[in-house]
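Undergrad: Sharing entry10.pdb (PDB, C-alpha atoms) below.
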ATOM      1  CA  MET K1298     192.550  18.056 141.324  1.00  0.00           C
ATOM      2  CA  ALA K1299     191.757  17.444 144.970  1.00  0.00           C
ATOM      3  CA  GLY K1300     187.955  17.840 144.610  1.00  0.00           C
ATOM      4  CA  VAL K1301     185.210  20.081 143.277  1.00  0.00           C
ATOM      5  CA  ILE K1302     183.151  22.955 144.613  1.00  0.00           C
ATOM      6  CA  ASP K1303     180.282  24.858 143.055  1.00  0.00           C
ATOM      7  CA  THR K1304     179.747  28.596 142.667  1.00  0.00           C
ATOM      8  CA  SER K1305     177.599  28.845 145.834  1.00  0.00           C
ATOM      9  CA  GLU K1306     180.773  28.174 147.880  1.00  0.00           C
ATOM     10  CA  PHE K1307     182.801  31.022 146.312  1.00  0.00           C
ATOM     11  CA  ARG K1308     184.435  33.581 148.600  1.00  0.00           C
ATOM     12  CA  ASN K1309     187.237  36.118 148.154  1.00  0.00           C
ATOM     13  CA  GLY K1310     190.662  34.521 148.549  1.00  0.00           C
ATOM     14  CA  LEU K1311     189.412  31.004 147.690  1.00  0.00           C
ATOM     15  CA  LYS K1312     191.778  29.048 145.463  1.00  0.00           C
ATOM     16  CA  ILE K1313     190.158  27.230 142.534  1.00  0.00           C
ATOM     17  CA  GLU K1314     191.362  25.291 139.493  1.00  0.00           C
ATOM     18  CA  LEU K1315     190.148  26.091 135.971  1.00  0.00           C
ATOM     19  CA  ASP K1316     191.486  24.322 132.865  1.00  0.00           C
ATOM     20  CA  GLY K1317     194.287  22.739 134.896  1.00  0.00           C
ATOM     21  CA  GLU K1318     195.602  26.062 136.282  1.00  0.00           C
ATOM     22  CA  PRO K1319     195.296  27.339 139.884  1.00  0.00           C
ATOM     23  CA  PHE K1320     193.585  30.705 140.455  1.00  0.00           C
ATOM     24  CA  VAL K1321     192.626  32.800 143.472  1.00  0.00           C
ATOM     25  CA  ILE K1322     189.236  34.549 143.542  1.00  0.00           C
ATOM     26  CA  GLU K1323     189.719  38.299 143.951  1.00  0.00           C
ATOM     27  CA  TYR K1324     186.056  39.255 143.493  1.00  0.00           C
ATOM     28  CA  PHE K1325     182.789  37.495 142.833  1.00  0.00           C
ATOM     29  CA  GLN K1326     179.120  38.456 142.580  1.00  0.00           C
ATOM     30  CA  HIS K1327     176.064  36.213 142.405  1.00  0.00           C
ATOM     31  CA  VAL K1328     173.611  37.706 139.877  1.00  0.00           C
ATOM     32  CA  LYS K1329     169.922  36.793 139.614  1.00  0.00           C
ATOM     33  CA  PRO K1330     168.474  38.502 136.532  1.00  0.00           C
ATOM     34  CA  GLY K1331     164.717  38.933 136.051  1.00  0.00           C
ATOM     35  CA  LYS K1332     164.750  36.549 133.119  1.00  0.00           C
ATOM     36  CA  GLY K1333     166.991  33.560 132.556  1.00  0.00           C
ATOM     37  CA  SER K1334     169.077  31.580 134.989  1.00  0.00           C
ATOM     38  CA  SER K1335     171.299  33.079 137.665  1.00  0.00           C
ATOM     39  CA  PHE K1336     175.071  33.251 137.243  1.00  0.00           C
ATOM     40  CA  THR K1337     178.241  34.261 139.074  1.00  0.00           C
ATOM     41  CA  ARG K1338     180.537  37.023 137.867  1.00  0.00           C
ATOM     42  CA  THR K1339     184.128  36.483 138.991  1.00  0.00           C
ATOM     43  CA  LYS K1340     187.532  38.117 138.822  1.00  0.00           C
ATOM     44  CA  ILE K1341     190.313  35.573 139.272  1.00  0.00           C
ATOM     45  CA  ARG K1342     194.127  35.825 139.214  1.00  0.00           C
ATOM     46  CA  SER K1343     196.410  33.002 138.102  1.00  0.00           C
ATOM     47  CA  LEU K1344     198.764  31.800 140.826  1.00  0.00           C
ATOM     48  CA  ILE K1345     201.314  30.822 138.149  1.00  0.00           C
ATOM     49  CA  SER K1346     201.343  33.631 135.589  1.00  0.00           C
ATOM     50  CA  GLY K1347     199.558  36.425 137.481  1.00  0.00           C
ATOM     51  CA  ARG K1348     197.157  37.036 134.577  1.00  0.00           C
ATOM     52  CA  VAL K1349     193.648  38.168 135.511  1.00  0.00           C
ATOM     53  CA  LEU K1350     190.502  36.649 134.005  1.00  0.00           C
ATOM     54  CA  GLU K1351     186.864  37.607 134.485  1.00  0.00           C
ATOM     55  CA  PRO K1352     184.813  34.506 133.659  1.00  0.00           C
ATOM     56  CA  THR K1353     181.056  34.277 134.114  1.00  0.00           C
ATOM     57  CA  LEU K1354     179.926  30.922 135.491  1.00  0.00           C
ATOM     58  CA  LYS K1355     176.391  29.504 135.597  1.00  0.00           C
ATOM     59  CA  SER K1356     174.924  29.111 139.078  1.00  0.00           C
ATOM     60  CA  GLY K1357     175.787  25.683 140.447  1.00  0.00           C
ATOM     61  CA  GLU K1358     178.627  25.166 137.947  1.00  0.00           C
ATOM     62  CA  LYS K1359     181.467  23.170 139.441  1.00  0.00           C
ATOM     63  CA  VAL K1360     185.170  24.081 139.476  1.00  0.00           C
ATOM     64  CA  GLY K1361     188.148  22.162 140.778  1.00  0.00           C
ATOM     65  CA  VAL K1362     189.962  22.528 144.082  1.00  0.00           C
ATOM     66  CA  PRO K1363     193.672  22.734 143.228  1.00  0.00           C
ATOM     67  CA  ASP K1364     196.334  20.570 144.872  1.00  0.00           C
ATOM     68  CA  ILE K1365     198.028  23.507 146.589  1.00  0.00           C
ATOM     69  CA  GLU K1366     200.339  23.512 149.585  1.00  0.00           C
ATOM     70  CA  GLU K1367     202.145  26.363 151.330  1.00  0.00           C
ATOM     71  CA  LYS K1368     205.403  25.669 153.152  1.00  0.00           C
ATOM     72  CA  ASP K1369     207.363  27.942 155.481  1.00  0.00           C
ATOM     73  CA  MET K1370     210.821  28.145 153.951  1.00  0.00           C
ATOM     74  CA  GLU K1371     214.023  30.113 154.356  1.00  0.00           C
ATOM     75  CA  TYR K1372     215.688  31.863 151.415  1.00  0.00           C
ATOM     76  CA  LEU K1373     219.284  30.619 151.159  1.00  0.00           C
ATOM     77  CA  TYR K1374     221.075  31.989 148.095  1.00  0.00           C
ATOM     78  CA  LEU K1375     221.005  32.942 144.412  1.00  0.00           C
ATOM     79  CA  GLN K1376     222.815  30.749 141.881  1.00  0.00           C
ATOM     80  CA  GLY K1377     222.571  31.932 138.280  1.00  0.00           C
ATOM     81  CA  ASP K1378     218.892  32.857 137.927  1.00  0.00           C
ATOM     82  CA  GLU K1379     217.731  30.275 140.516  1.00  0.00           C
ATOM     83  CA  PHE K1380     216.711  31.409 143.998  1.00  0.00           C
ATOM     84  CA  HIS K1381     217.186  28.522 146.455  1.00  0.00           C
ATOM     85  CA  PHE K1382     214.908  27.923 149.464  1.00  0.00           C
ATOM     86  CA  MET K1383     215.020  25.381 152.327  1.00  0.00           C
ATOM     87  CA  ASP K1384     212.086  23.809 154.164  1.00  0.00           C
ATOM     88  CA  LYS K1385     212.639  24.633 157.852  1.00  0.00           C
ATOM     89  CA  HIS K1386     211.077  21.354 159.016  1.00  0.00           C
ATOM     90  CA  ASN K1387     212.723  18.659 156.886  1.00  0.00           C
ATOM     91  CA  TYR K1388     215.632  20.661 155.354  1.00  0.00           C
ATOM     92  CA  GLU K1389     214.590  19.786 151.770  1.00  0.00           C
ATOM     93  CA  GLN K1390     215.616  22.407 149.229  1.00  0.00           C
ATOM     94  CA  THR K1391     213.815  23.774 146.190  1.00  0.00           C
ATOM     95  CA  PHE K1392     214.375  26.706 143.855  1.00  0.00           C
ATOM     96  CA  LEU K1393     212.366  29.257 141.908  1.00  0.00           C
ATOM     97  CA  THR K1394     213.567  31.102 138.826  1.00  0.00           C
ATOM     98  CA  GLU K1395     213.750  34.866 138.482  1.00  0.00           C
ATOM     99  CA  GLU K1396     210.889  34.684 135.944  1.00  0.00           C
ATOM    100  CA  VAL K1397     208.568  32.874 138.392  1.00  0.00           C
ATOM    101  CA  LEU K1398     209.422  35.179 141.313  1.00  0.00           C
ATOM    102  CA  GLY K1399     208.851  38.408 139.398  1.00  0.00           C
ATOM    103  CA  ASP K1400     209.175  41.502 141.624  1.00  0.00           C
ATOM    104  CA  ALA K1401     209.409  39.366 144.794  1.00  0.00           C
ATOM    105  CA  LYS K1402     213.112  38.845 143.993  1.00  0.00           C
ATOM    106  CA  ASN K1403     213.742  42.494 144.957  1.00  0.00           C
ATOM    107  CA  PHE K1404     212.916  41.719 148.591  1.00  0.00           C
ATOM    108  CA  LEU K1405     214.840  38.461 149.064  1.00  0.00           C
ATOM    109  CA  LYS K1406     217.955  38.504 151.196  1.00  0.00           C
ATOM    110  CA  GLU K1407     219.687  35.539 152.790  1.00  0.00           C
ATOM    111  CA  ASN K1408     217.927  33.909 155.769  1.00  0.00           C
ATOM    112  CA  ILE K1409     214.576  35.665 155.229  1.00  0.00           C
ATOM    113  CA  ASN K1410     211.535  33.490 155.973  1.00  0.00           C
ATOM    114  CA  VAL K1411     208.869  33.262 153.266  1.00  0.00           C
ATOM    115  CA  SER K1412     205.914  31.054 152.418  1.00  0.00           C
ATOM    116  CA  VAL K1413     206.501  29.067 149.203  1.00  0.00           C
ATOM    117  CA  LEU K1414     203.417  27.990 147.244  1.00  0.00           C
ATOM    118  CA  PHE K1415     203.424  24.534 145.613  1.00  0.00           C
ATOM    119  CA  PHE K1416     200.968  23.334 142.934  1.00  0.00           C
ATOM    120  CA  ASN K1417     200.987  19.589 142.208  1.00  0.00           C
ATOM    121  CA  GLY K1418     204.319  19.357 144.060  1.00  0.00           C
ATOM    122  CA  LYS K1419     206.037  22.113 142.011  1.00  0.00           C
ATOM    123  CA  ALA K1420     207.040  25.489 143.521  1.00  0.00           C
ATOM    124  CA  ILE K1421     205.108  28.272 141.737  1.00  0.00           C
ATOM    125  CA  GLY K1422     205.572  31.387 143.894  1.00  0.00           C
ATOM    126  CA  VAL K1423     206.292  32.995 147.258  1.00  0.00           C
ATOM    127  CA  THR K1424     204.373  35.038 149.780  1.00  0.00           C
ATOM    128  CA  LEU K1425     206.640  37.622 151.357  1.00  0.00           C
ATOM    129  CA  PRO K1426     206.368  39.085 154.851  1.00  0.00           C
ATOM    130  CA  ASN K1427     204.583  42.474 154.847  1.00  0.00           C
ATOM    131  CA  SER K1428     207.894  44.281 155.312  1.00  0.00           C
ATOM    132  CA  VAL K1429     211.624  43.541 155.129  1.00  0.00           C
ATOM    133  CA  ASP K1430     214.711  45.300 156.479  1.00  0.00           C
ATOM    134  CA  LEU K1431     217.184  46.161 153.697  1.00  0.00           C
ATOM    135  CA  LYS K1432     220.510  48.009 153.761  1.00  0.00           C
ATOM    136  CA  VAL K1433     221.114  51.058 151.538  1.00  0.00           C
ATOM    137  CA  THR K1434     224.109  50.370 149.256  1.00  0.00           C
ATOM    138  CA  LYS K1435     223.969  53.474 147.062  1.00  0.00           C
ATOM    139  CA  CYS K1436     222.455  56.843 147.811  1.00  0.00           C
ATOM    140  CA  ASP K1437     223.328  60.447 146.979  1.00  0.00           C
ATOM    141  CA  PRO K1438     223.964  62.562 150.076  1.00  0.00           C
ATOM    142  CA  GLY K1439     221.277  65.071 151.013  1.00  0.00           C
ATOM    143  CA  VAL K1440     222.155  68.582 149.842  1.00  0.00           C
ATOM    144  CA  ARG K1441     222.560  71.097 152.683  1.00  0.00           C
ATOM    145  CA  GLY K1442     219.805  73.663 152.534  1.00  0.00           C
ATOM    146  CA  ASP K1443     217.519  71.376 150.525  1.00  0.00           C
ATOM    147  CA  THR K1444     214.714  71.331 153.070  1.00  0.00           C
ATOM    148  CA  VAL K1445     211.659  71.054 150.886  1.00  0.00           C
ATOM    149  CA  SER K1446     209.030  69.318 152.988  1.00  0.00           C
ATOM    150  CA  GLY K1447     208.484  65.755 151.838  1.00  0.00           C
ATOM    151  CA  ALA K1448     211.396  65.822 149.365  1.00  0.00           C
ATOM    152  CA  LEU K1449     212.597  62.368 148.299  1.00  0.00           C
ATOM    153  CA  LYS K1450     215.665  60.901 146.609  1.00  0.00           C
ATOM    154  CA  PRO K1451     216.340  57.456 145.096  1.00  0.00           C
ATOM    155  CA  ALA K1452     218.278  54.883 147.148  1.00  0.00           C
ATOM    156  CA  THR K1453     219.521  51.495 145.917  1.00  0.00           C
ATOM    157  CA  MET K1454     219.026  48.664 148.403  1.00  0.00           C
ATOM    158  CA  GLU K1455     221.263  45.573 148.866  1.00  0.00           C
ATOM    159  CA  THR K1456     218.935  43.514 146.630  1.00  0.00           C
ATOM    160  CA  GLY K1457     219.089  46.021 143.745  1.00  0.00           C
ATOM    161  CA  LEU K1458     215.653  47.500 144.506  1.00  0.00           C
ATOM    162  CA  VAL K1459     215.472  51.299 144.083  1.00  0.00           C
ATOM    163  CA  VAL K1460     213.250  53.085 146.616  1.00  0.00           C
ATOM    164  CA  ASN K1461     212.413  56.775 147.058  1.00  0.00           C
ATOM    165  CA  VAL K1462     213.518  57.825 150.550  1.00  0.00           C
ATOM    166  CA  PRO K1463     213.668  61.056 152.612  1.00  0.00           C
ATOM    167  CA  LEU K1464     216.747  63.271 152.210  1.00  0.00           C
ATOM    168  CA  PHE K1465     218.243  62.312 155.612  1.00  0.00           C
ATOM    169  CA  ILE K1466     218.835  58.672 154.552  1.00  0.00           C
ATOM    170  CA  ASN K1467     222.498  57.752 153.855  1.00  0.00           C
ATOM    171  CA  GLU K1468     224.462  54.774 152.520  1.00  0.00           C
ATOM    172  CA  GLY K1469     224.715  52.007 155.131  1.00  0.00           C
ATOM    173  CA  ASP K1470     221.368  52.814 156.778  1.00  0.00           C
ATOM    174  CA  VAL K1471     218.977  49.887 157.261  1.00  0.00           C
ATOM    175  CA  LEU K1472     215.401  50.640 156.192  1.00  0.00           C
ATOM    176  CA  LYS K1473     212.064  48.894 156.695  1.00  0.00           C
ATOM    177  CA  ILE K1474     210.501  48.472 153.226  1.00  0.00           C
ATOM    178  CA  ASP K1475     206.836  47.578 152.548  1.00  0.00           C
ATOM    179  CA  THR K1476     206.711  44.548 150.196  1.00  0.00           C
ATOM    180  CA  ARG K1477     203.002  44.940 149.396  1.00  0.00           C
ATOM    181  CA  GLU K1478     203.280  48.240 147.528  1.00  0.00           C
ATOM    182  CA  GLY K1479     206.216  47.364 145.299  1.00  0.00           C
ATOM    183  CA  GLY K1480     208.810  48.667 147.732  1.00  0.00           C
ATOM    184  CA  LYS K1481     207.695  51.691 149.713  1.00  0.00           C
ATOM    185  CA  TYR K1482     209.928  53.232 152.405  1.00  0.00           C
ATOM    186  CA  LEU K1483     208.384  52.883 155.879  1.00  0.00           C
ATOM    187  CA  THR K1484     211.058  53.887 158.413  1.00  0.00           C
ATOM    188  CA  ARG K1485     214.767  53.828 159.208  1.00  0.00           C
ATOM    189  CA  VAL K1486     215.663  50.836 161.399  1.00  0.00           C
ATOM    190  CA  ALA K1487     219.381  51.526 161.939  1.00  0.00           C
ATOM    191  CA  VAL K1488     221.827  54.289 161.081  1.00  0.00           C
ATOM    192  CA  GLY K1489     224.738  53.094 158.946  1.00  0.00           C
ATOM    193  CA  GLY K1490     228.325  53.472 160.036  1.00  0.00           C
TER     194      GLY K1490
END
Show the structure stored in the file as structure tokens.
TA:
Amino acid sequence: MAGVIDTSEFRNGLKIELDGEPFVIEYFQHVKPGKGSSFTRTKIRSLISGRVLEPTLKSGEKVGVPDIEEKDMEYLYLQGDEFHFMDKHNYEQTFLTEEVLGDAKNFLKENINVSVLFFNGKAIGVTLPNSVDLKVTKCDPGVRGDTVSGALKPATMETGLVVNVPLFINEGDVLKIDTREGGKYLTRVAVGG
């Protein structure tokens, strides 16, 4: 643990350490009841497992500041179930497993830049860019005459991610996909050949 802070310093997005595990504060509220001592209601998400807890802490209670570091890295390749990344400054490599990455693996393609999160020197997760450009590898052709407004069809991207897209999208097209909403189609970047 790098240090301690108390509940008066809480803010959304602050990273704290509880019971040896790093968390990020998603919500907090200082409560001063008419009787008894004041306390802080919190909603925190684990940076390792993603589980959400809602602990209540006494006012002035101290929590740890985790030893966390974010590094700009480039995704290189997949070997088995290990996704390999390289630090762009010192060329050191590290890897994350499919289990640790979770759904983020659906947006990783070679040479994409991501921010890798380290806790006590061990890689525990990635922060993706807000959107990525992915190529459509499998998609049924749009049916002529099927002009229902807003109609969608499934398309499989080069990473294996399946996204609902408009009917005019074809295999080989490159699409901009939103990584924040689990893979939502934003726009067509290039028409496939």
Undergrad: For the file shown, report as JSON, numbers by chain the outcome of the PyMOL selection byres ((chain K and resi 1360) around 10) at residue level.
TA: {"K": [1298, 1300, 1301, 1302, 1303, 1304, 1313, 1314, 1315, 1316, 1354, 1357, 1358, 1359, 1361, 1362, 1363]}
Undergrad: What does the distance between CA of Val1321 in chain K and CA of Val1413 in chain K come to in Å, to one decimal place?
TA: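 According to the coordinates, CA of Val1321 in chain K and CA of Val1413 in chain K are separated by 15.5 Å.
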Undergrad: Within 9 Å of range 1372-1383 of chain K, counting all atoms listed in the file, which residues show up once you throw out same-chain ones fewer than 3 positions away? Write them as number ranges by chain, please.
TA: K: 1369, 1386-1396, 1398, 1402, 1405-1411, 1413
Undergrad: State, in Å with one decimal place, the distance from CA of Asn1417 in chain K to CA of Glu1367 in chain K.
TA: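 Between CA of Asn1417 in chain K and CA of Glu1367 in chain K the gap is 11.4 Å.
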Undergrad: Quick one: which residues end up in the PyMOL selection byres ((chain K and resi 1331-1335) around 10) for this structure, as a VMD selection string?
TA: chain K and resid 1327 to 1330 1336 to 1337 1354 to 1357
